[in-house]
>>> print(open('structure.cif').read())   # mmCIF, C-alpha atoms
data_run
#
loop_
_atom_site.group_PDB
_atom_site.id
_atom_site.type_symbol
_atom_site.label_atom_id
_atom_site.label_comp_id
_atom_site.auth_asym_id
_atom_site.auth_seq_id
_atom_site.Cartn_x
_atom_site.Cartn_y
_atom_site.Cartn_z
ATOM 1 C CA ARG B 1116 5.869 -21.314 -6.925
ATOM 2 C CA THR B 1117 6.022 -20.131 -10.518
ATOM 3 C CA ALA B 1118 3.854 -17.078 -11.094
ATOM 4 C CA ARG B 1119 1.744 -16.763 -14.208
ATOM 5 C CA PRO B 1120 2.643 -13.854 -16.462
ATOM 6 C CA PRO B 1121 0.151 -10.986 -16.115
ATOM 7 C CA LEU B 1122 -2.542 -10.661 -18.730
ATOM 8 C CA VAL B 1123 -2.417 -7.292 -20.410
ATOM 9 C CA MET B 1124 -5.091 -5.811 -22.649
ATOM 10 C CA MET B 1125 -4.222 -2.864 -24.857
ATOM 11 C CA LEU B 1126 -6.484 -0.776 -27.020
ATOM 12 C CA PRO B 1127 -4.989 0.176 -30.404
ATOM 13 C CA CYS B 1128 -2.713 3.134 -29.824
ATOM 14 C CA ARG B 1129 0.381 4.931 -31.049
ATOM 15 C CA PRO B 1130 3.761 4.089 -29.577
ATOM 16 C CA GLY B 1131 4.289 6.359 -26.581
ATOM 17 C CA ALA B 1132 7.370 8.494 -26.385
ATOM 18 C CA LYS B 1133 16.204 -6.746 12.076
ATOM 19 C CA SER B 1134 19.629 -8.429 16.788
ATOM 20 C CA VAL B 1135 19.355 -7.521 20.455
ATOM 21 C CA CYS B 1136 19.147 -9.876 23.428
ATOM 22 C CA GLY B 1137 17.456 -10.156 26.782
ATOM 23 C CA SER B 1138 13.724 -10.857 26.498
ATOM 24 C CA PRO B 1139 11.373 -13.128 24.556
ATOM 25 C CA LEU B 1140 10.532 -10.101 22.435
ATOM 26 C CA SER B 1141 14.035 -8.999 21.700
ATOM 27 C CA ASP B 1142 15.385 -12.516 21.072
ATOM 28 C CA LYS B 1143 13.704 -12.496 17.661
ATOM 29 C CA MET B 1144 15.103 -9.189 16.492
ATOM 30 C CA GLY B 1145 16.637 -9.523 13.042
ATOM 31 C CA SER B 1146 20.031 -8.740 11.694
ATOM 32 C CA PRO B 1147 20.593 -5.229 10.253
ATOM 33 C CA ASP B 1148 21.181 -6.839 6.871
ATOM 34 C CA SER B 1149 17.697 -8.307 6.684
ATOM 35 C CA ARG B 1150 15.728 -5.158 5.962
ATOM 36 C CA ALA B 1151 18.143 -2.953 4.072
ATOM 37 C CA GLY B 1152 17.546 -1.956 0.496
ATOM 38 C CA GLY B 1153 19.470 -0.200 -2.211
ATOM 39 C CA GLY B 1154 19.833 0.527 -5.870
ATOM 40 C CA GLU B 1155 17.360 2.160 -8.192
ATOM 41 C CA PHE B 1156 13.966 1.239 -9.484
ATOM 42 C CA GLY B 1157 12.708 2.233 -12.933
ATOM 43 C CA VAL B 1158 9.368 4.001 -12.713
ATOM 44 C CA GLY B 1159 8.944 5.958 -15.922
ATOM 45 C CA CYS B 1160 6.816 8.659 -14.311
ATOM 46 C CA SER B 1161 4.854 11.408 -15.992
ATOM 47 C CA ASP B 1162 2.301 13.946 -14.909
ATOM 48 C CA GLY B 1163 -1.009 12.574 -13.766
ATOM 49 C CA PRO B 1164 -2.759 11.655 -10.528
ATOM 50 C CA LEU B 1165 -3.517 8.248 -9.085
ATOM 51 C CA LEU B 1166 -7.153 7.425 -9.870
ATOM 52 C CA ALA B 1167 -9.255 4.631 -8.368
ATOM 53 C CA LEU B 1168 -12.573 3.009 -9.294
ATOM 54 C CA LEU B 1169 -14.434 0.272 -7.437
ATOM 55 C CA LEU B 1170 -16.872 -1.621 -9.668
ATOM 56 C CA ASN B 1171 -19.569 -3.918 -8.320
ATOM 57 C CA THR B 1172 -19.921 -7.139 -10.294
ATOM 58 C CA GLY B 1173 -23.001 -8.106 -8.279
ATOM 59 C CA THR B 1174 -25.354 -5.677 -10.013
ATOM 60 C CA LYS B 1175 -27.863 -7.463 -12.211
ATOM 61 C CA ASP B 1176 -30.496 -5.069 -13.520
ATOM 62 C CA GLU B 1177 -29.883 -3.242 -16.778
ATOM 63 C CA GLY B 1178 -29.063 0.385 -16.103
ATOM 64 C CA GLU B 1179 -28.207 -0.254 -12.444
ATOM 65 C CA GLU B 1180 -25.203 1.763 -11.291
ATOM 66 C CA PHE B 1181 -22.188 -0.480 -10.700
ATOM 67 C CA LEU B 1182 -19.661 2.219 -9.738
ATOM 68 C CA ASP B 1183 -19.582 2.056 -5.921
ATOM 69 C CA TYR B 1184 -16.564 4.277 -5.337
ATOM 70 C CA CYS B 1185 -14.106 6.552 -7.109
ATOM 71 C CA HIS B 1186 -11.203 8.769 -6.048
ATOM 72 C CA PRO B 1187 -10.466 11.652 -6.193
ATOM 73 C CA VAL B 1188 -13.971 12.788 -7.081
ATOM 74 C CA GLU B 1189 -12.957 16.383 -7.874
ATOM 75 C CA ASP B 1190 -10.236 15.474 -10.377
ATOM 76 C CA GLN B 1191 -10.945 16.246 -14.030
ATOM 77 C CA ASN B 1192 -8.896 13.256 -15.167
ATOM 78 C CA LEU B 1193 -11.211 10.988 -13.199
ATOM 79 C CA GLN B 1194 -14.238 12.347 -15.010
ATOM 80 C CA ALA B 1195 -12.661 11.314 -18.314
ATOM 81 C CA VAL B 1196 -11.661 7.859 -17.033
ATOM 82 C CA LEU B 1197 -15.148 7.198 -15.648
ATOM 83 C CA ASN B 1198 -16.330 6.775 -19.245
ATOM 84 C CA MET B 1199 -14.245 3.588 -19.303
ATOM 85 C CA LYS B 1200 -15.924 1.914 -16.326
ATOM 86 C CA GLY B 1201 -18.196 -0.224 -18.519
ATOM 87 C CA VAL B 1202 -15.233 -1.231 -20.676
ATOM 88 C CA PHE B 1203 -13.262 -2.317 -17.581
ATOM 89 C CA LEU B 1204 -16.131 -4.421 -16.296
ATOM 90 C CA ALA B 1205 -16.927 -6.027 -19.649
ATOM 91 C CA SER B 1206 -13.260 -6.715 -20.455
ATOM 92 C CA CYS B 1207 -12.754 -8.532 -17.148
ATOM 93 C CA GLY B 1208 -15.732 -10.774 -17.921
ATOM 94 C CA ILE B 1209 -14.606 -11.443 -21.476
ATOM 95 C CA MET B 1210 -11.037 -12.306 -20.453
ATOM 96 C CA LYS B 1211 -12.235 -14.644 -17.715
ATOM 97 C CA ALA B 1212 -14.625 -16.415 -20.083
ATOM 98 C CA ALA B 1213 -12.131 -16.630 -22.941
ATOM 99 C CA VAL B 1214 -8.962 -17.849 -21.209
ATOM 100 C CA GLY B 1215 -10.031 -18.553 -17.635
ATOM 101 C CA GLN B 1216 -7.670 -15.972 -16.157
ATOM 102 C CA SER B 1217 -8.233 -12.542 -14.683
ATOM 103 C CA LEU B 1218 -7.314 -9.351 -16.482
ATOM 104 C CA THR B 1219 -4.568 -7.537 -14.574
ATOM 105 C CA LEU B 1220 -3.436 -4.618 -16.776
ATOM 106 C CA PHE B 1221 -5.261 -2.471 -19.302
ATOM 107 C CA VAL B 1222 -3.704 0.315 -21.424
ATOM 108 C CA PHE B 1223 -5.854 2.909 -23.186
ATOM 109 C CA TRP B 1224 -5.876 6.447 -24.595
ATOM 110 C CA SER B 1225 -8.109 9.396 -23.792
ATOM 111 C CA ALA B 1226 -10.810 10.223 -26.349
ATOM 112 C CA ASP B 1227 -8.736 13.088 -27.810
ATOM 113 C CA ARG B 1228 -5.624 10.848 -27.812
ATOM 114 C CA SER B 1229 -3.719 13.430 -25.776
ATOM 115 C CA ARG B 1230 -3.074 11.168 -22.783
ATOM 116 C CA GLN B 1231 -2.309 7.495 -22.279
ATOM 117 C CA TYR B 1232 -3.370 5.592 -19.155
ATOM 118 C CA LYS B 1233 -2.453 2.263 -17.580
ATOM 119 C CA ALA B 1234 -5.020 0.552 -15.358
ATOM 120 C CA ALA B 1235 -4.089 -2.141 -12.845
ATOM 121 C CA ILE B 1236 -7.057 -4.385 -12.041
ATOM 122 C CA GLN B 1237 -7.679 -6.561 -8.981
ATOM 123 C CA GLN B 1238 -10.710 -8.693 -8.046
ATOM 124 C CA ILE B 1239 -11.699 -8.173 -4.384
ATOM 125 C CA GLU B 1240 -14.710 -10.226 -3.281
ATOM 126 C CA GLN B 1241 -17.569 -9.148 -5.581
ATOM 127 C CA TRP B 1242 -15.810 -5.930 -6.590
ATOM 128 C CA ILE B 1243 -13.222 -5.060 -9.197
ATOM 129 C CA LEU B 1244 -10.692 -2.470 -8.076
ATOM 130 C CA VAL B 1245 -9.156 -0.405 -10.858
ATOM 131 C CA VAL B 1246 -6.170 1.849 -10.144
ATOM 132 C CA VAL B 1247 -5.344 4.127 -13.078
ATOM 133 C CA LEU B 1248 -1.936 5.775 -13.558
ATOM 134 C CA PRO B 1249 -0.208 7.518 -16.481
ATOM 135 C CA GLY B 1250 0.550 5.101 -19.301
ATOM 136 C CA SER B 1251 4.316 5.549 -19.010
ATOM 137 C CA VAL B 1252 4.593 3.807 -15.612
ATOM 138 C CA THR B 1253 6.049 0.329 -15.554
ATOM 139 C CA ASP B 1254 3.762 -2.664 -15.110
ATOM 140 C CA SER B 1255 5.364 -3.473 -11.751
ATOM 141 C CA VAL B 1256 4.613 0.000 -10.378
ATOM 142 C CA ALA B 1257 1.005 -0.188 -11.534
ATOM 143 C CA ARG B 1258 0.599 -3.629 -9.945
ATOM 144 C CA PHE B 1259 2.272 -2.409 -6.753
ATOM 145 C CA PHE B 1260 -0.332 0.293 -6.211
ATOM 146 C CA VAL B 1261 -3.379 -1.901 -6.783
ATOM 147 C CA GLU B 1262 -1.948 -4.633 -4.529
ATOM 148 C CA GLU B 1263 -1.108 -2.106 -1.811
ATOM 149 C CA ALA B 1264 -4.638 -0.733 -2.027
ATOM 150 C CA GLN B 1265 -5.996 -4.219 -1.460
ATOM 151 C CA GLY B 1266 -3.597 -4.783 1.449
ATOM 152 C CA LEU B 1267 -4.627 -1.521 3.119
ATOM 153 C CA MET B 1268 -8.304 -2.377 2.704
ATOM 154 C CA VAL B 1269 -7.746 -5.693 4.448
ATOM 155 C CA LEU B 1270 -5.753 -3.989 7.214
ATOM 156 C CA ARG B 1271 -8.335 -1.302 7.854
ATOM 157 C CA HIS B 1272 -11.650 -3.050 7.143
ATOM 158 C CA GLY B 1273 -11.053 -6.788 6.872
ATOM 159 C CA ARG B 1274 -13.632 -7.293 4.133
ATOM 160 C CA LEU B 1275 -15.194 -4.746 1.815
ATOM 161 C CA GLY B 1276 -18.616 -6.205 2.574
ATOM 162 C CA THR B 1277 -18.359 -4.881 6.130
ATOM 163 C CA LEU B 1278 -18.579 -1.319 4.794
ATOM 164 C CA ARG B 1279 -22.254 -1.910 3.926
ATOM 165 C CA GLY B 1280 -22.152 0.598 1.096
ATOM 166 C CA ARG B 1281 -20.295 3.337 3.012
ATOM 167 C CA PHE B 1282 -17.369 3.311 0.614
ATOM 168 C CA ARG B 1283 -16.193 6.847 1.414
ATOM 169 C CA GLN B 1284 -14.455 5.156 4.342
ATOM 170 C CA LEU B 1285 -11.869 4.143 1.738
ATOM 171 C CA ASP B 1286 -10.794 7.781 1.271
ATOM 172 C CA PRO B 1287 -7.892 7.649 3.796
ATOM 173 C CA ILE B 1288 -6.442 4.644 1.967
ATOM 174 C CA PHE B 1289 -6.384 6.325 -1.410
ATOM 175 C CA ARG B 1290 -5.209 9.642 0.028
ATOM 176 C CA SER B 1291 -2.216 7.760 1.461
ATOM 177 C CA LEU B 1292 -1.518 6.012 -1.834
ATOM 178 C CA SER B 1293 -1.909 9.271 -3.731
ATOM 179 C CA SER B 1294 0.658 10.884 -1.437
ATOM 180 C CA LEU B 1295 3.010 7.978 -2.081
ATOM 181 C CA TRP B 1296 2.435 8.295 -5.814
ATOM 182 C CA GLN B 1297 3.249 12.014 -5.660
ATOM 183 C CA SER B 1298 6.558 11.173 -3.983
ATOM 184 C CA LEU B 1299 7.384 8.800 -6.852
ATOM 185 C CA ARG B 1300 6.791 11.491 -9.448
ATOM 186 C CA GLY B 1301 10.173 13.047 -8.851
ATOM 187 C CA CYS B 1302 11.408 12.149 -12.318
ATOM 188 C CA VAL B 1303 10.634 14.306 -15.311
ATOM 189 C CA ASP B 1304 12.047 12.397 -18.258
ATOM 190 C CA GLU B 1305 10.253 9.240 -19.291
ATOM 191 C CA GLY B 1306 12.204 6.153 -18.314
ATOM 192 C CA ALA B 1307 14.109 7.934 -15.550
ATOM 193 C CA CYS B 1308 14.890 6.166 -12.299
ATOM 194 C CA VAL B 1309 13.899 7.281 -8.840
ATOM 195 C CA SER B 1310 16.668 7.186 -6.240
ATOM 196 C CA THR B 1311 16.004 4.947 -3.259
ATOM 197 C CA SER B 1312 17.580 7.329 -0.754
ATOM 198 C CA SER B 1313 14.153 8.116 0.713
ATOM 199 C CA ALA B 1314 12.711 5.681 3.256
ATOM 200 C CA ALA B 1315 9.249 6.231 1.818
ATOM 201 C CA LEU B 1316 10.470 5.292 -1.646
ATOM 202 C CA LEU B 1317 12.279 2.250 -0.309
ATOM 203 C CA TYR B 1318 9.048 1.063 1.250
ATOM 204 C CA ALA B 1319 7.220 1.644 -1.989
ATOM 205 C CA LEU B 1320 9.763 -0.104 -4.134
ATOM 206 C CA PHE B 1321 10.995 -2.975 -1.991
ATOM 207 C CA GLY B 1322 8.612 -3.293 0.951
ATOM 208 C CA ALA B 1323 11.530 -2.319 3.209
ATOM 209 C CA VAL B 1324 13.123 0.643 4.953
ATOM 210 C CA PRO B 1325 16.846 1.246 5.508
ATOM 211 C CA TRP B 1326 18.523 0.650 8.857
ATOM 212 C CA SER B 1327 19.656 3.684 10.811
ATOM 213 C CA SER B 1328 23.338 4.357 11.372
ATOM 214 C CA PHE B 1329 22.532 4.187 15.107
ATOM 215 C CA THR B 1330 21.279 0.598 14.931
ATOM 216 C CA GLN B 1331 24.536 -1.065 16.043
ATOM 217 C CA SER B 1332 25.545 1.500 18.670
ATOM 218 C CA TRP B 1333 22.064 1.563 20.212
ATOM 219 C CA GLN B 1334 21.557 -2.204 20.054
ATOM 220 C CA GLN B 1335 22.184 -2.940 23.749
ATOM 221 C CA ARG B 1336 20.223 0.087 24.945
ATOM 222 C CA VAL B 1337 17.206 -0.763 22.807
ATOM 223 C CA GLY B 1338 17.341 -4.352 24.092
ATOM 224 C CA ASP B 1339 17.436 -3.147 27.720
ATOM 225 C CA LYS B 1340 14.521 -0.768 27.165
ATOM 226 C CA VAL B 1341 12.406 -3.444 25.483
ATOM 227 C CA THR B 1342 13.128 -5.893 28.311
ATOM 228 C CA TYR B 1343 12.133 -3.256 30.891
ATOM 229 C CA TRP B 1344 9.000 -2.322 28.939
ATOM 230 C CA GLU B 1345 7.916 -5.949 28.599
ATOM 231 C CA ALA B 1346 8.414 -6.614 32.335
ATOM 232 C CA LYS B 1347 6.356 -3.568 33.273
ATOM 233 C CA VAL B 1348 3.542 -4.569 30.929
ATOM 234 C CA HIS B 1349 3.274 -8.040 32.492
ATOM 235 C CA GLU B 1350 3.619 -6.587 35.986
ATOM 236 C CA THR B 1351 0.720 -4.161 35.560
ATOM 237 C CA ALA B 1352 -1.472 -6.169 33.182
ATOM 238 C CA SER B 1353 -4.881 -7.182 34.474
ATOM 239 C CA ALA B 1354 -6.632 -10.466 33.772
ATOM 240 C CA ASN B 1355 -9.075 -8.667 31.480
ATOM 241 C CA LEU B 1356 -6.460 -6.917 29.362
ATOM 242 C CA LEU B 1357 -7.596 -6.581 25.763
ATOM 243 C CA ALA B 1358 -4.220 -7.481 24.296
ATOM 244 C CA LEU B 1359 -0.588 -8.015 25.271
ATOM 245 C CA PRO B 1360 2.188 -6.539 23.106
ATOM 246 C CA GLU B 1361 4.094 -9.147 21.141
ATOM 247 C CA GLY B 1362 6.528 -7.071 19.154
ATOM 248 C CA PHE B 1363 7.879 -3.661 18.274
ATOM 249 C CA ALA B 1364 9.470 -1.636 15.509
ATOM 250 C CA LEU B 1365 11.417 1.510 16.371
ATOM 251 C CA PHE B 1366 12.058 4.189 13.734
ATOM 252 C CA LEU B 1367 14.102 7.397 13.824
ATOM 253 C CA ASP B 1368 13.602 9.849 10.957
ATOM 254 C CA HIS B 1369 12.002 7.006 8.975
ATOM 255 C CA LEU B 1370 15.102 4.836 9.433
ATOM 256 C CA LEU B 1371 14.797 1.544 11.295
ATOM 257 C CA ILE B 1372 16.524 1.391 14.688
ATOM 258 C CA GLY B 1373 15.320 -2.077 15.675
ATOM 259 C CA THR B 1374 12.495 -4.579 15.392
ATOM 260 C CA ASN B 1375 11.664 -8.119 16.452
ATOM 261 C CA LEU B 1376 8.825 -8.542 13.967
ATOM 262 C CA ASP B 1377 8.963 -11.237 11.334
ATOM 263 C CA ASP B 1378 8.714 -10.167 7.706
ATOM 264 C CA ALA B 1379 4.932 -10.623 7.454
ATOM 265 C CA LEU B 1380 4.219 -8.545 10.569
ATOM 266 C CA PHE B 1381 6.818 -5.972 9.582
ATOM 267 C CA LYS B 1382 5.002 -5.450 6.299
ATOM 268 C CA VAL B 1383 1.749 -4.931 8.215
ATOM 269 C CA CYS B 1384 3.583 -2.393 10.356
ATOM 270 C CA LEU B 1385 4.682 -0.537 7.235
ATOM 271 C CA HIS B 1386 1.108 -0.636 5.935
ATOM 272 C CA LEU B 1387 -0.016 1.045 9.142
ATOM 273 C CA CYS B 1388 2.675 3.707 8.841
ATOM 274 C CA LEU B 1389 1.670 4.395 5.258
ATOM 275 C CA LEU B 1390 -2.021 4.526 6.143
ATOM 276 C CA GLU B 1391 -1.377 7.047 8.926
ATOM 277 C CA GLY B 1392 0.919 9.199 6.796
ATOM 278 C CA GLU B 1393 4.090 8.318 8.712
ATOM 279 C CA LEU B 1394 6.057 7.517 5.550
ATOM 280 C CA SER B 1395 5.373 10.888 3.962
ATOM 281 C CA PRO B 1396 8.621 12.503 2.731
ATOM 282 C CA GLU B 1397 7.191 15.897 3.768
ATOM 283 C CA LEU B 1398 6.767 14.650 7.329
ATOM 284 C CA ALA B 1399 10.355 13.436 7.468
ATOM 285 C CA SER B 1400 11.680 16.880 6.554
ATOM 286 C CA SER B 1401 9.414 18.766 8.983
ATOM 287 C CA CYS B 1402 9.750 16.613 12.138
ATOM 288 C CA GLY B 1403 11.801 18.041 14.964
ATOM 289 C CA ALA B 1404 14.198 16.112 17.151
ATOM 290 C CA GLN B 1405 11.643 15.954 19.980
ATOM 291 C CA ASP B 1406 8.749 14.767 17.821
ATOM 292 C CA VAL B 1407 7.734 11.296 19.092
ATOM 293 C CA ARG B 1408 4.799 9.267 17.778
ATOM 294 C CA CYS B 1409 3.530 5.929 19.055
ATOM 295 C CA HIS B 1410 1.221 3.648 17.089
ATOM 296 C CA SER B 1411 -0.418 0.410 18.199
ATOM 297 C CA LEU B 1412 -1.514 -2.333 15.839
ATOM 298 C CA PHE B 1413 -3.932 -5.025 17.044
ATOM 299 C CA LEU B 1414 -3.950 -8.276 15.090
ATOM 300 C CA SER B 1415 -5.860 -11.504 15.548
ATOM 301 C CA ARG B 1416 -5.508 -14.793 13.719
ATOM 302 C CA ASP B 1417 -8.208 -15.775 11.242
ATOM 303 C CA ALA B 1418 -9.710 -19.201 10.576
ATOM 304 C CA SER B 1419 -6.658 -20.212 8.532
ATOM 305 C CA ASP B 1420 -4.380 -19.260 11.464
ATOM 306 C CA THR B 1421 -2.592 -16.533 9.485
#
>>> encode(input="structure.cif", output="structure tokens")
Amino acid sequence: RTARPPLVMMLPCRPGAKSVCGSPLSDKMGSPDSRAGGGEFGVGCSDGPLLALLLNTGTKDEGEEFLDYCHPVEDQNLQAVLNMKGVFLASCGIMKAAVGQSLTLFVFWSADRSRQYKAAIQQIEQWILVVVLPGSVTDSVARFFVEEAQGLMVLRHGRLGTLRGRFRQLDPIFRSLSSLWQSLRGCVDEGACVSTSSAALLYALFGAVPWSSFTQSWQQRVGDKVTYWEAKVHETASANLLALPEGFALFLDHLLIGTNLDDALFKVCLHLCLLEGELSPELASSCGAQDVRCHSLFLSRDASDT
């Protein structure tokens, strides 16, 4: 399917300088080539935090507050960007009315012209999510963060409407994304590339993590353990069990040992790891050899059977 090019609005500005065998679970485990990544990814980082605004398009009365959420509330840069909230909302409406497409990127300068920003915009139900980053980031990086924010919202809450106005529940999502953004700010010179040697960066850049060097040598042992685990689960499961495990992903030092998840479920697994801080580069360097963490993810199919 051919994707439409993103619509970008700019204000006038100066040029800126997974295979093991044995059980129904393990039969589906992918080849080690299927989730490996490599190379470099141009980011073009500069100083500046990740900022987020959630604007409510359902407000009708003149003067009614349409900013339902912002992050991080204590950041001085956010206070400056908040002055643009009306411009974001109006620009989205104008673009939709004029060309019938949604506005996706918006570049602007601070009032004193000392800082340039790039906003990635995403419609979510009746809200418009705006993620603001330094203006030097690439369009793909800006779009990555707003799309990941939407994905994490779906994973954690399903629909924004279920929050019933308690939008501070979104804080863990944007804290996780802010931590990921901080890890991507390892370059100093504009236009520099970030190495993909870090598993966290690989997830951010390619939606993948590298395979561990132990994957091949541990293949049979992992398969045996998964087969044993699955048999014990079915042996001890009661008729009223809430859920039966259908898959696994095993990581060691943020490197993938083995998984039988398909690509869609593996991405959800990575979302969960990101949300719970498991892809933090700081965590990888501080974990000891005996540090073991287990996470469970419960999924159910929706009306469209996805």
>>> resolve_selection(input="structure.cif", expression="the PyMOL selection byres ((chain B and resi 1170-1173) around 8)", output="PyMOL selection string")
chain B and resi 1168-1169+1174-1175+1181-1184+1200+1204+1241-1245
>>> atom_distance(input="structure.cif", atom1="CA of Ser1251 (chain B)", atom2="CA of Ala1234 (chain B)")
11.2 Å
>>> resolve_selection(input="structure.cif", expression="the PyMOL selection byres ((chain B and resi 1259) around 12)", output="PDB file with C-alpha atoms, keeping the file's coordinate frame")
ATOM      1  CA  VAL B1158       9.368   4.001 -12.713  1.00  0.00           C
ATOM      2  CA  THR B1219      -4.568  -7.537 -14.574  1.00  0.00           C
ATOM      3  CA  LEU B1220      -3.436  -4.618 -16.776  1.00  0.00           C
ATOM      4  CA  ALA B1234      -5.020   0.552 -15.358  1.00  0.00           C
ATOM      5  CA  ALA B1235      -4.089  -2.141 -12.845  1.00  0.00           C
ATOM      6  CA  ILE B1236      -7.057  -4.385 -12.041  1.00  0.00           C
ATOM      7  CA  GLN B1237      -7.679  -6.561  -8.981  1.00  0.00           C
ATOM      8  CA  VAL B1246      -6.170   1.849 -10.144  1.00  0.00           C
ATOM      9  CA  VAL B1247      -5.344   4.127 -13.078  1.00  0.00           C
ATOM     10  CA  LEU B1248      -1.936   5.775 -13.558  1.00  0.00           C
ATOM     11  CA  VAL B1252       4.593   3.807 -15.612  1.00  0.00           C
ATOM     12  CA  THR B1253       6.049   0.329 -15.554  1.00  0.00           C
ATOM     13  CA  ASP B1254       3.762  -2.664 -15.110  1.00  0.00           C
ATOM     14  CA  SER B1255       5.364  -3.473 -11.751  1.00  0.00           C
ATOM     15  CA  VAL B1256       4.613   0.000 -10.378  1.00  0.00           C
ATOM     16  CA  ALA B1257       1.005  -0.188 -11.534  1.00  0.00           C
ATOM     17  CA  ARG B1258       0.599  -3.629  -9.945  1.00  0.00           C
ATOM     18  CA  PHE B1260      -0.332   0.293  -6.211  1.00  0.00           C
ATOM     19  CA  VAL B1261      -3.379  -1.901  -6.783  1.00  0.00           C
ATOM     20  CA  GLU B1262      -1.948  -4.633  -4.529  1.00  0.00           C
ATOM     21  CA  GLU B1263      -1.108  -2.106  -1.811  1.00  0.00           C
ATOM     22  CA  ALA B1264      -4.638  -0.733  -2.027  1.00  0.00           C
ATOM     23  CA  GLN B1265      -5.996  -4.219  -1.460  1.00  0.00           C
ATOM     24  CA  GLY B1266      -3.597  -4.783   1.449  1.00  0.00           C
ATOM     25  CA  LEU B1292      -1.518   6.012  -1.834  1.00  0.00           C
ATOM     26  CA  LEU B1295       3.010   7.978  -2.081  1.00  0.00           C
ATOM     27  CA  TRP B1296       2.435   8.295  -5.814  1.00  0.00           C
ATOM     28  CA  TYR B1318       9.048   1.063   1.250  1.00  0.00           C
ATOM     29  CA  ALA B1319       7.220   1.644  -1.989  1.00  0.00           C
ATOM     30  CA  LEU B1320       9.763  -0.104  -4.134  1.00  0.00           C
ATOM     31  CA  PHE B1321      10.995  -2.975  -1.991  1.00  0.00           C
ATOM     32  CA  GLY B1322       8.612  -3.293   0.951  1.00  0.00           C
TER      33      GLY B1322
END
>>> atom_distance(input="structure.cif", atom1="CA of Glu1391 (chain B)", atom2="CA of Ser1291 (chain B)")
7.5 Å
>>> atom_distance(input="structure.cif", atom1="CA of Ser1206 (chain B)", atom2="CA of Glu1177 (chain B)")
17.4 Å
>>> residues_near_point(input="structure.cif", point="(-20.8, 3.5, 0.8)", cutoff="12 Å", atoms="all atoms listed in the file", output="ChimeraX atom specification")
/B:1169,1171,1182-1185,1275-1286
>>> closest_residue(input="structure.cif", among="B:Cys1384, B:Leu1299, B:Val1337, B:Val1324", to="Asp1162 (chain B)", atoms="all atoms listed in the file")
B:Leu1299
>>> resolve_selection(input="structure.cif", expression="the PyMOL selection byres ((chain B and resi 1330) around 8)", output="PyMOL selection string")
chain B and resi 1147+1326-1329+1331-1334+1371-1373
>>> axis_aligned_box(input="structure.cif", around="region 1373-1389 of chain B", padding_each_side="6 Å", output="lines of an AutoDock Vina configuration file")
center_x = 7.7
center_y = -3.4
center_z = 10.9
size_x = 27.3
size_y = 27.6
size_z = 23.2
>>> residues_near_point(input="structure.cif", point="(-5.3, 13.2, -15.0)", cutoff="7 Å", atoms="all atoms listed in the file", output="ChimeraX atom specification")
/B:1163-1164,1191-1193
>>> closest_residue(input="structure.cif", among="B:Leu1387, B:Arg1271, B:Ala1195, B:Gly1201", to="Gly1178 (chain B)", atoms="all atoms listed in the file")
B:Gly1201
>>> closest_residue(input="structure.cif", among="B:Cys1409, B:Leu1165, B:Phe1203, B:Ala1226", to="Ser1298 (chain B)", atoms="all atoms listed in the file")
B:Leu1165
>>> closest_residue(input="structure.cif", among="B:Pro1360, B:Asp1368, B:Gly1215, B:Phe1289", to="Leu1394 (chain B)", atoms="only C-alpha atoms")
B:Asp1368
>>> closest_residue(input="structure.cif", among="B:His1369, B:Leu1376, B:Leu1218, B:Leu1166", to="Leu1197 (chain B)", atoms="all atoms listed in the file")
B:Leu1166
>>> decode(input="structure.cif", residues="region 1171-1194 of chain B", atoms="C-alpha atoms", output="PDB file, in the first residue's frame")
ATOM      1  CA  ASN B1171      -9.488  18.225  23.011  1.00  0.00           C
ATOM      2  CA  THR B1172     -11.282  18.973  19.752  1.00  0.00           C
ATOM      3  CA  GLY B1173     -14.657  18.357  21.401  1.00  0.00           C
ATOM      4  CA  THR B1174     -14.745  21.647  23.301  1.00  0.00           C
ATOM      5  CA  LYS B1175     -17.347  24.015  21.910  1.00  0.00           C
ATOM      6  CA  ASP B1176     -17.757  27.066  24.125  1.00  0.00           C
ATOM      7  CA  GLU B1177     -15.578  30.100  23.520  1.00  0.00           C
ATOM      8  CA  GLY B1178     -12.929  30.357  26.204  1.00  0.00           C
ATOM      9  CA  GLU B1179     -13.332  26.719  27.268  1.00  0.00           C
ATOM     10  CA  GLU B1180     -10.005  25.075  28.075  1.00  0.00           C
ATOM     11  CA  PHE B1181      -9.068  22.502  25.436  1.00  0.00           C
ATOM     12  CA  LEU B1182      -5.680  21.452  26.852  1.00  0.00           C
ATOM     13  CA  ASP B1183      -6.443  18.186  28.682  1.00  0.00           C
ATOM     14  CA  TYR B1184      -2.877  17.076  29.339  1.00  0.00           C
ATOM     15  CA  CYS B1185       0.732  18.196  29.051  1.00  0.00           C
ATOM     16  CA  HIS B1186       4.114  16.738  30.001  1.00  0.00           C
ATOM     17  CA  PRO B1187       6.417  17.472  31.743  1.00  0.00           C
ATOM     18  CA  VAL B1188       4.501  20.150  33.620  1.00  0.00           C
ATOM     19  CA  GLU B1189       7.564  21.532  35.433  1.00  0.00           C
ATOM     20  CA  ASP B1190       9.646  22.102  32.297  1.00  0.00           C
ATOM     21  CA  GLN B1191      10.242  25.713  31.271  1.00  0.00           C
ATOM     22  CA  ASN B1192      10.310  24.765  27.594  1.00  0.00           C
ATOM     23  CA  LEU B1193       6.780  23.421  27.929  1.00  0.00           C
ATOM     24  CA  GLN B1194       5.548  26.727  29.286  1.00  0.00           C
TER      25      GLN B1194
END
